[in-house]
Number of protein chains: 2
Amino acid sequence: MKDVAAAAGVGLKTVSRVVNEESGVSPATAARVRTAIAELGFRRNDSARLLRTGSTASVGLVLEDIGDPFSSALSRGVEAVAREHGCLLFAGSSAEDPDRERALALALCARRVDGLLVVPAGGDHGYLLPETASGLAVVFLDRPGAGIEADAVLSDNAGGARAGTAHLIAHGHRRIGFVGDLPHIHTCAERLRGYREAMGTAGLPVDERWIATGPTDPVTVGRAVRRLLTDGPDGRAEPVTALFTANNRVTLAALRALAGLPARPAVVGFDDLELAALLSPGLTVVAQDPETLGRTAARLLFDRLGRDTSPPRRVELPTRLIVRGSGELPPA
Amino acid sequence: MKDVAAAAGVGLKTVSRVVNEESGVSPATAARVRTAIAELGFRRNDSARLLRTGSTASVGLVLEDIGDPFSSALSRGVEAVAREHGCLLFAGSSAEDPDRERALALALCARRVDGLLVVPAGGDHGYLLPETASGLAVVFLDRPGAGIEADAVLSDNAGGARAGTAHLIAHGHRRIGFVGDLPHIHTCAERLRGYREAMGTAGLPVDERWIATGPTDPVTVGRAVRRLLTDGPDGRAEPVTALFTANNRVTLAALRALAGLPARPAVVGFDDLELAALLSPGLTVVAQDPETLGRTAARLLFDRLGRDTSPPRRVELPTRLIVRGSGELPPA
DNA sequence: GCCGAGCCTGACAACGTTGTCCAGCGTCGT
DNA sequence: ACGACGCTGGACAACGTTGTCAGGCTCGGC
């Protein structure tokens with residue numbers, strides 16, 4: 001910029017004015033400056049600009065795995081809103097590891113992002129307190145944060161799971177397996193709660209051995225599914241006749257496992273899948289809308305940046321049962 | 001930082017040294033500084049730090065749509081490598097719009113990202129010349145850039161399409177439809193080339209009416225698929241007996257359209273889909289590995305940041321034909 | 001001809017950090 | 001006892017921009 005000023009024979013501030021299209025520069029001078037800018041290939045350094053002005057025009061997004069379809073749809077919603085506000089997006093994955101979440105979030109804070117959107121992996125977000133105290137806006141996404149007062153945007157996990165389980169019950173199932181993520185994850189816990197509620201409402205007992213939670217890798221899930229479907233013979237439990245799979249990765253892994261088995265249980269999954277309608281029978285799912293989730297959270301975040309200081313809100317988005325057939329298979 | 005220095009009764013630079021764990025500070029002083037830091041909830045401002053040091057420890061990623069499974073898998077690869085290098089990731093979508101691509105890329109340049117990874121939407125990237133001249137590293141991803149010398153990491157699009165088409169030919173198909181993206185997109189053009197080559201090698205003529213390119217929305221693709229399968233009656237062309245669908249979105253839309261039709265053509269798709277193996281018949285695909293694509297490109301980028309000034313490279317990653325049955329349906 | 005208003009313009013400080021350089025002080029070797 | 005050296009700590013400038021403010025110029029009115 002100094003060079004541009006020298007080349008155009010004007011002061012530093014005049015160049016700044018031209019670059020920012022401020023008023024108060026005569027057309028002739030402006031033209032001279034613009035020529036110099038073009039000749040030197042000058043581009044304003046926004047880091048410096050933002051250091052001076054205080055805002056960074058960027059928001060941070062910490063999610064579980066940027067490569068997961070759910071996370072990426074969520075990012076899309078966030079990005080769309082950020083873009084409307086002229087903000088760039090820092091994105092990073094926590095890999096469901098509290099330490100990584102913390103490190104990532106704090107790195108973003110050190111970069112002085114204007115706002116932070118976090119899909120919590122850890123159970124305590126108190127480490128963000130000093131940051132919010134000094135003006136950072138935080139919104140939690142998909143799961144509530146803990147140890148700090150902040151907005152959260154969630155899906156109606158329990159309600160969705162109730163609806164999905166009830167659908168299976170309505171089609172005659174009495175022994176329904178629940179296959180979920182790690183049990184300490186909020187969404188998994190809520191969905192499990194919904195499952196229990198639906199069973200309870202129908203007056204059905206729940207055998208704890210019908211509930212399988214753990215890592216979502218195909219091997220673990222496959223083993224869980226096989227156990228649920230064959231537990232009868234050794235006299236410990238009746239095998240289940242239907243499965244409620246509590247998120248997209250579990251559903252996927254369960255379907256793969258089922259493809260190798262003779263058994264044909266009814267299945268309802270939480271989260272829609274791209275090809276769900278084309279399977280035969282079509283896969284019945286409880287669909288959330290991750291893009292709207294992201295969009296809503298981002299809106300909330302920007303409201304906060306606009307000095308909205310109302311008490312923290314918790315927004316819950318509805319889920320939708322999409323019936324496609326796989327939940328209607330009768331119990332064997 | 002000034003406040004911390006005052007609170008600890010030391011100079012500014014000493015605080016800086018403690019924060020950066022530089023040597024030359026006595027343990028006692030360091031402890032005092034650390035106490036002050038904790039009390040004041042101080043966090044180093046990395047924007048300022050990076051302004052001073054010149055590097056920003058961040059890379060920019062411009063892709064087509066952050067919510068698309070292909071893009072998001074790609075991001076995952078990029079993020080993993082960026083993370084290894086202690087870099088944060090700016091991500092944004094071009095929505096296949098050259099102007100948006102340009103605006104986004106330039107915004108990232110203005111932020112002085114250390115490197116830029118771009119999935120080109122536009123046909124000319126000359127606008128990046130001033131940036132590369134002043135030290136920016138650029139790597140193109142999935143498609144080559146134009147109007148500028150830079151590295152590119154691509155899939156073997158033509159080879160993959162050749163293999164996919166040849167697979168259909170091997171199972172007796174002679175009239176094969178090609179359904180693709182917008183024809184000016186490099187990947188689409190290359191895949192079309194591969195398709196033509198495979199047909200040519202087999203001595204089969206290609207009727208231009210078998211080739212449908214355009215937007216990938218379900219309506220357009222659905223119309224194209226129906227046309228390809230029913231063009232016979234009015235005497236203009238024989239309907240095709242097989243489809244080669246040239247990317248994940250087209251494949252998805254085509255499968256949806258086919259579900260509503262009595263016809264049952266053989267299908268081979270470019271790009272793997274999550275549930276492809278569970279359809280019946282299983283969907284045969286030409287799979288690329290977007291995560292490796294992203295990882296490779298990011299590695300290349302960081303090599304360049306490490307002052308690797310060898311001439312621009314073009315890396316081509318192999319594709320893999322995954323046979324699952326849908327390509328083996330005989331011609332009607 | 002003088003003065004004030006209004007318009008352009010540029011000098012300067014500041015944002016929060018780090019690199020450079022130098023001063024103070026204690027220790028050690030001769 | 002004296003100089004050299006090592007270690008610790010701090011003053012200052014700089015990164016590239018913007019906000020503040022004051023100065024110079026032109027022009028119109030008296």
# chains A, B, ... in the order shown; residues from 1 in each chain; ligands from 1

call {"tool": "select_by_dssp", "arguments": {"residues": "stretch 148-329 of chain B", "states": "helix (DSSP H, G or I)", "output": "MDAnalysis selection string"}}
result
chainID B and resid 157:170 186:201 208:210 218:230 248:259 276:278 290:305

call {"tool": "residues_around", "arguments": {"residues": "A:Val59", "least_positions_apart": "2", "cutoff": "7 Å", "atoms": "only C-alpha atoms (C1' of nucleotides)", "output": "list in words"}}
result
Ala57, Leu61, Cys87, Leu88, Leu89, Phe90, Val113, Asp114, Gly115 and Leu116 of chain A

call {"tool": "closest_residue", "arguments": {"among": "C:DG19, C:DG24, C:DG1, C:DG10", "to": "chain A", "atoms": "only C-alpha atoms (C1' of nucleotides)"}}
result
C:DG10

call {"tool": "select_by_dssp", "arguments": {"residues": "stretch 1-246 of chain B", "states": "strand (DSSP E)", "output": "NGL selection string"}}
result
:B and (58-63 or 88-93 or 115-118 or 137-141 or 151-155 or 176-180 or 211-213 or 242-245)

call {"tool": "closest_atom_pairs", "arguments": {"of": "chain C", "to": "stretch 7-25 of chain D", "cutoff": "10 Å", "atoms": "only C-alpha atoms (C1' of nucleotides)", "output": "tab-separated table"}}
result
residue	atom	partner	partner_atom	distance
C:DC7	C1'	D:DC25	C1'	8.5
C:DC8	C1'	D:DC25	C1'	8.0
C:DT9	C1'	D:DG24	C1'	8.3
C:DG10	C1'	D:DG23	C1'	8.9
C:DA11	C1'	D:DA22	C1'	9.1
C:DC12	C1'	D:DT20	C1'	8.9
C:DA13	C1'	D:DT20	C1'	8.7
C:DA14	C1'	D:DG19	C1'	8.6
C:DC15	C1'	D:DT17	C1'	9.0
C:DT17	C1'	D:DC15	C1'	9.0
C:DT18	C1'	D:DA14	C1'	8.9
C:DG19	C1'	D:DA14	C1'	8.6
C:DT20	C1'	D:DA13	C1'	8.7
C:DC21	C1'	D:DC12	C1'	9.0
C:DC22	C1'	D:DA11	C1'	8.9
C:DA23	C1'	D:DG10	C1'	8.7
C:DG24	C1'	D:DG9	C1'	8.7
C:DC25	C1'	D:DT8	C1'	8.8
C:DG26	C1'	D:DC7	C1'	8.9

call {"tool": "write_last_selection", "arguments": {"atoms": "N, CA and C atoms (P, O5', C5', C4', C3', O3' and C1' of nucleotides)", "output": "compact mmCIF listing (two decimals), in the first residue's frame"}}
result
# COMPACT_ATOMS: atom_id res chain seq x y z
P DC C 7 -18.88 19.72 1.20
O5' DC C 7 -17.59 19.27 0.39
C5' DC C 7 -17.31 19.92 -0.84
C4' DC C 7 -15.83 19.80 -1.12
C3' DC C 7 -15.32 18.35 -1.13
O3' DC C 7 -14.71 18.12 -2.38
C1' DC C 7 -13.88 19.75 0.14
P DC C 8 -14.66 16.58 -2.95
O5' DC C 8 -13.09 16.35 -3.09
C5' DC C 8 -12.33 16.42 -1.94
C4' DC C 8 -10.91 16.78 -2.32
C3' DC C 8 -9.99 15.55 -2.32
O3' DC C 8 -8.91 15.77 -3.21
C1' DC C 8 -9.54 16.96 -0.43
P DT C 9 -7.94 14.48 -3.51
O5' DT C 9 -6.93 14.52 -2.28
C5' DT C 9 -5.99 15.60 -2.21
C4' DT C 9 -5.25 15.55 -0.91
C3' DT C 9 -4.55 14.23 -0.62
O3' DT C 9 -3.18 14.39 -0.91
C1' DT C 9 -5.51 15.25 1.34
P DG C 10 -2.18 13.13 -0.82
O5' DG C 10 -1.63 13.25 0.67
C5' DG C 10 -1.00 14.44 1.06
C4' DG C 10 -0.73 14.44 2.54
C3' DG C 10 0.07 13.23 3.04
O3' DG C 10 1.00 13.69 4.01
C1' DG C 10 -1.92 13.42 4.27
P DA C 11 2.35 12.87 4.23
O5' DA C 11 2.63 13.17 5.77
C5' DA C 11 2.32 14.46 6.31
C4' DA C 11 2.10 14.36 7.82
C3' DA C 11 2.95 13.31 8.53
O3' DA C 11 3.37 13.85 9.79
C1' DA C 11 0.67 12.83 8.88
P DC C 12 4.38 13.03 10.73
O5' DC C 12 3.37 12.28 11.71
C5' DC C 12 2.35 13.04 12.36
C4' DC C 12 1.47 12.13 13.18
C3' DC C 12 2.23 10.97 13.84
O3' DC C 12 2.01 11.01 15.23
C1' DC C 12 0.26 10.21 12.76
P DA C 13 2.79 9.98 16.17
O5' DA C 13 1.59 9.09 16.74
C5' DA C 13 0.46 9.74 17.31
C4' DA C 13 -0.68 8.75 17.48
C3' DA C 13 -0.32 7.49 18.28
O3' DA C 13 -1.40 7.20 19.16
C1' DA C 13 -1.14 6.86 16.16
P DA C 14 -1.19 6.23 20.39
O5' DA C 14 -1.99 4.92 19.94
C5' DA C 14 -3.37 5.02 19.64
C4' DA C 14 -3.78 3.84 18.80
C3' DA C 14 -3.30 2.48 19.35
O3' DA C 14 -4.41 1.82 19.94
C1' DA C 14 -3.06 2.65 16.96
P DC C 15 -4.13 0.52 20.83
O5' DC C 15 -4.61 -0.69 19.95
C5' DC C 15 -5.87 -0.76 19.31
C4' DC C 15 -5.82 -1.90 18.32
C3' DC C 15 -5.03 -3.09 18.83
O3' DC C 15 -5.94 -4.03 19.40
C1' DC C 15 -4.50 -2.56 16.55
P DT C 17 -1.64 -10.08 21.83
O5' DT C 17 -0.28 -10.31 21.09
C5' DT C 17 0.14 -11.37 20.43
C4' DT C 17 1.04 -10.99 19.27
C3' DT C 17 2.50 -11.29 19.49
O3' DT C 17 2.72 -12.66 19.16
C1' DT C 17 2.17 -9.27 18.23
P DT C 18 4.04 -13.35 19.68
O5' DT C 18 5.12 -12.75 18.67
C5' DT C 18 5.10 -13.15 17.31
C4' DT C 18 6.23 -12.43 16.58
C3' DT C 18 7.63 -12.87 16.99
O3' DT C 18 8.39 -13.01 15.80
C1' DT C 18 7.42 -10.54 17.23
P DG C 19 9.74 -13.83 15.82
O5' DG C 19 10.78 -12.65 15.45
C5' DG C 19 10.74 -12.08 14.15
C4' DG C 19 11.78 -10.98 14.05
C3' DG C 19 13.20 -11.40 14.47
O3' DG C 19 14.13 -10.85 13.55
C1' DG C 19 12.46 -9.57 15.80
P DT C 20 15.67 -11.09 13.75
O5' DT C 20 16.16 -9.70 14.37
C5' DT C 20 15.65 -8.48 13.85
C4' DT C 20 16.31 -7.30 14.55
C3' DT C 20 17.75 -7.55 15.00
O3' DT C 20 18.53 -6.41 14.66
C1' DT C 20 16.45 -6.83 16.84
P DC C 21 20.10 -6.47 14.76
O5' DC C 21 20.33 -5.61 16.07
C5' DC C 21 19.70 -4.33 16.19
C4' DC C 21 19.71 -3.90 17.64
C3' DC C 21 21.08 -4.08 18.32
O3' DC C 21 21.53 -2.83 18.78
C1' DC C 21 19.31 -4.86 19.68
P DC C 22 23.04 -2.69 19.23
O5' DC C 22 22.84 -2.18 20.72
C5' DC C 22 21.75 -1.30 21.04
C4' DC C 22 21.42 -1.45 22.51
C3' DC C 22 22.65 -1.53 23.42
O3' DC C 22 22.46 -0.69 24.52
C1' DC C 22 21.21 -3.30 23.87
P DA C 23 23.69 -0.23 25.40
O5' DA C 23 23.08 -0.31 26.86
C5' DA C 23 21.70 -0.01 27.07
C4' DA C 23 21.26 -0.65 28.37
C3' DA C 23 22.35 -0.65 29.45
O3' DA C 23 21.74 -0.41 30.71
C1' DA C 23 21.69 -2.87 29.00
P DG C 24 22.57 0.08 31.94
O5' DG C 24 22.34 -1.08 33.00
C5' DG C 24 21.02 -1.43 33.37
C4' DG C 24 21.06 -2.82 33.96
C3' DG C 24 22.14 -3.00 35.05
O3' DG C 24 21.49 -3.46 36.21
C1' DG C 24 22.24 -4.77 33.45
P DC C 25 22.16 -3.39 37.63
O5' DC C 25 22.54 -4.90 37.90
C5' DC C 25 21.60 -5.93 37.62
C4' DC C 25 22.31 -7.25 37.52
C3' DC C 25 23.53 -7.38 38.45
O3' DC C 25 23.42 -8.55 39.21
C1' DC C 25 24.07 -8.10 36.28
P DG C 26 24.04 -8.61 40.68
O5' DG C 26 24.54 -10.12 40.73
C5' DG C 26 23.71 -11.13 40.17
C4' DG C 26 24.56 -12.12 39.41
C3' DG C 26 25.78 -12.63 40.20
O3' DG C 26 25.77 -14.04 40.18
C1' DG C 26 26.43 -11.92 38.04

call {"tool": "interface_residues", "arguments": {"of": "chain B", "to": "chain D", "cutoff": "7 Å", "atoms": "only C-alpha atoms (C1' of nucleotides)", "output": "list of chain:residue names"}}
result
B:Gly11, B:Thr14, B:Gly24, B:Val25, B:Leu51, B:Arg52
